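For reference, the structure discussed in these notes is given below.
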Amino acid sequence: MLSPTQAAFVADVEPRDIHRAIDRKVLPDRLFLRGDERRVAIEGCPLVAFYYGSAKRLTAEERVAAIRIVDTRLRAAPSDEPWSRSAEDWIVRDDLLRIDLSPFVARAAERWRLYGAARAMVVSDEAILSGVPVIAGTRIPVHDVAASLAAGHAPERIRAAYPSLSPAQIELAALYARANPLAGRPRTRPLLEGARLVSEDTVPRRRAG
């Protein structure tokens, strides 16, 4: 079971879309868990991707009906990974309507592969920076690299600050951070290694009249 942010990455949607899919019962009950820590089964990711990705061509009722038909097939033959199934399992036929979910499955499979590579690259050890997730073989926090990219720093500049990183590691760091965001409010302007904060001005908040 994946967290909403992890499921959102695999499905290539926003985390709020995952929550809406749960709240609006787009996904069958067996594919998600409610509560303080919501979870989504890996099989639900391509279904969510299909629901939002086909919104311009199919009605909500048609999309939900297709998901229910596919889910019946998935339940009949459980599998650890949905992309290992036959392509025919992802095709729904209703009178003259033919709905093929395979492109959404293929896209989710590729993103799941990338996420697996990102997870394999990251380690968390109490002996290294008190357990902060770092890139394996380094003491470089993975979220610092991702935040530098988000702040607009070019990959070349990040590599200049962290020569041990490869372009692939920088890209995977961004993927990992998107699926596993830090709790709380992140820094909007991360400092690269070797940089020094000269000054920081604060502006008092204006009271509402």
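For the structure tokens, the naming scheme is as follows: chains receive sequential letters (A, B, ...) according to their order of presentation, residues are indexed from 1 within each chain, and ligands are indexed from 1 in presentation order.
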In chain A, DSSP helix (DSSP H, G or I) residues written as a PyMOL selection string
chain A and resi 4-11+15-23+29-31+44-53+60-76+82-84+87-90+102-121+129-131+142-150+155-161+167-179
### Message
Taking 2 positions as the minimum chain separation for residues in the same chain, which residues sit within 9 Å of Phe9 in chain A when counting only C-alpha atoms? Answer as a PyMOL selection string.
### Response
chain A and resi 4-7+11-15+45+108+111-112+115+175+178-179
_Distance query Asp71 in chain A at most 12 Å, only C-alpha atoms, self and fewer than 4 positions along chain excluded, as JSON, numbers by chain_ = {"A": [26, 27, 28, 29, 30, 31, 43, 44, 46, 47, 64, 65, 66, 67, 75, 76, 77, 78, 79, 82, 89, 90, 91, 92, 101]}
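One finds CA of Arg24 in chain A at 18.3 Å from CA of Lys56 in chain A.
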Open item on the list: Residues within 10 Å of Glu110 in chain A, please, as a PyMOL selection string. Count only C-alpha atoms; anything in the same chain fewer than 6 positions from it doesn't count.
Closed with: chain A and resi 10+83+116
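All residues of chain A that DSSP, run on the backbone, classes as strand (DSSP E) are Phe32, Leu33, Arg39, Val40, Ile91, Val92, Arg93, Asp94, Leu97, Arg98, Ile99, Asp100, Val122, Val123, Val134 and Ile135 of chain A.
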Please produce an output containing N, CA and C atoms for each residue in the selection, written as a PDB file, in the first residue's frame.
ATOM      1  N   PHE A  32      -8.111   0.877  -1.186  1.00  0.00           N
ATOM      2  CA  PHE A  32      -7.615   1.988  -0.391  1.00  0.00           C
ATOM      3  C   PHE A  32      -7.973   1.804   1.079  1.00  0.00           C
ATOM      4  N   LEU A  33      -7.267   2.526   1.931  1.00  0.00           N
ATOM      5  CA  LEU A  33      -7.530   2.557   3.367  1.00  0.00           C
ATOM      6  C   LEU A  33      -7.765   3.994   3.774  1.00  0.00           C
ATOM      7  N   ARG A  39      -3.970   5.034   2.574  1.00  0.00           N
ATOM      8  CA  ARG A  39      -3.101   4.217   1.741  1.00  0.00           C
ATOM      9  C   ARG A  39      -3.872   3.779   0.499  1.00  0.00           C
ATOM     10  N   VAL A  40      -3.135   3.590  -0.602  1.00  0.00           N
ATOM     11  CA  VAL A  40      -3.726   3.155  -1.860  1.00  0.00           C
ATOM     12  C   VAL A  40      -2.943   1.956  -2.375  1.00  0.00           C
ATOM     13  N   ILE A  91      -9.102  -4.120 -21.048  1.00  0.00           N
ATOM     14  CA  ILE A  91     -10.006  -3.649 -22.102  1.00  0.00           C
ATOM     15  C   ILE A  91     -11.448  -3.907 -21.687  1.00  0.00           C
ATOM     16  N   VAL A  92     -12.264  -2.880 -21.767  1.00  0.00           N
ATOM     17  CA  VAL A  92     -13.680  -2.976 -21.394  1.00  0.00           C
ATOM     18  C   VAL A  92     -14.524  -2.728 -22.631  1.00  0.00           C
ATOM     19  N   ARG A  93     -15.480  -3.613 -22.889  1.00  0.00           N
ATOM     20  CA  ARG A  93     -16.377  -3.465 -24.041  1.00  0.00           C
ATOM     21  C   ARG A  93     -17.815  -3.376 -23.543  1.00  0.00           C
ATOM     22  N   ASP A  94     -18.517  -2.383 -24.051  1.00  0.00           N
ATOM     23  CA  ASP A  94     -19.917  -2.186 -23.682  1.00  0.00           C
ATOM     24  C   ASP A  94     -20.658  -1.703 -24.916  1.00  0.00           C
ATOM     25  N   LEU A  97     -18.977   0.694 -27.375  1.00  0.00           N
ATOM     26  CA  LEU A  97     -17.904   1.392 -26.676  1.00  0.00           C
ATOM     27  C   LEU A  97     -16.793   0.414 -26.290  1.00  0.00           C
ATOM     28  N   ARG A  98     -15.576   0.774 -26.656  1.00  0.00           N
ATOM     29  CA  ARG A  98     -14.398  -0.015 -26.289  1.00  0.00           C
ATOM     30  C   ARG A  98     -13.433   0.901 -25.538  1.00  0.00           C
ATOM     31  N   ILE A  99     -13.149   0.554 -24.293  1.00  0.00           N
ATOM     32  CA  ILE A  99     -12.275   1.363 -23.449  1.00  0.00           C
ATOM     33  C   ILE A  99     -11.021   0.558 -23.133  1.00  0.00           C
ATOM     34  N   ASP A 100      -9.871   1.104 -23.508  1.00  0.00           N
ATOM     35  CA  ASP A 100      -8.595   0.416 -23.294  1.00  0.00           C
ATOM     36  C   ASP A 100      -7.784   1.180 -22.250  1.00  0.00           C
ATOM     37  N   VAL A 122      18.273   5.776  -2.161  1.00  0.00           N
ATOM     38  CA  VAL A 122      18.198   6.546  -0.920  1.00  0.00           C
ATOM     39  C   VAL A 122      18.330   5.623   0.290  1.00  0.00           C
ATOM     40  N   VAL A 123      19.110   6.062   1.258  1.00  0.00           N
ATOM     41  CA  VAL A 123      19.257   5.301   2.496  1.00  0.00           C
ATOM     42  C   VAL A 123      18.984   6.231   3.679  1.00  0.00           C
ATOM     43  N   VAL A 134      19.518  10.190   2.722  1.00  0.00           N
ATOM     44  CA  VAL A 134      20.625  10.682   1.911  1.00  0.00           C
ATOM     45  C   VAL A 134      20.802   9.781   0.695  1.00  0.00           C
ATOM     46  N   ILE A 135      21.530  10.288  -0.278  1.00  0.00           N
ATOM     47  CA  ILE A 135      21.857   9.486  -1.450  1.00  0.00           C
ATOM     48  C   ILE A 135      22.923   8.473  -1.047  1.00  0.00           C
TER      49      ILE A 135
END
Between CA of Ala146 in chain A and CA of Ala49 in chain A, what is the spacing in Å?
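Spanning CA of Ala49 in chain A to CA of Ala146 in chain A is a straight-line distance of 24.4 Å.
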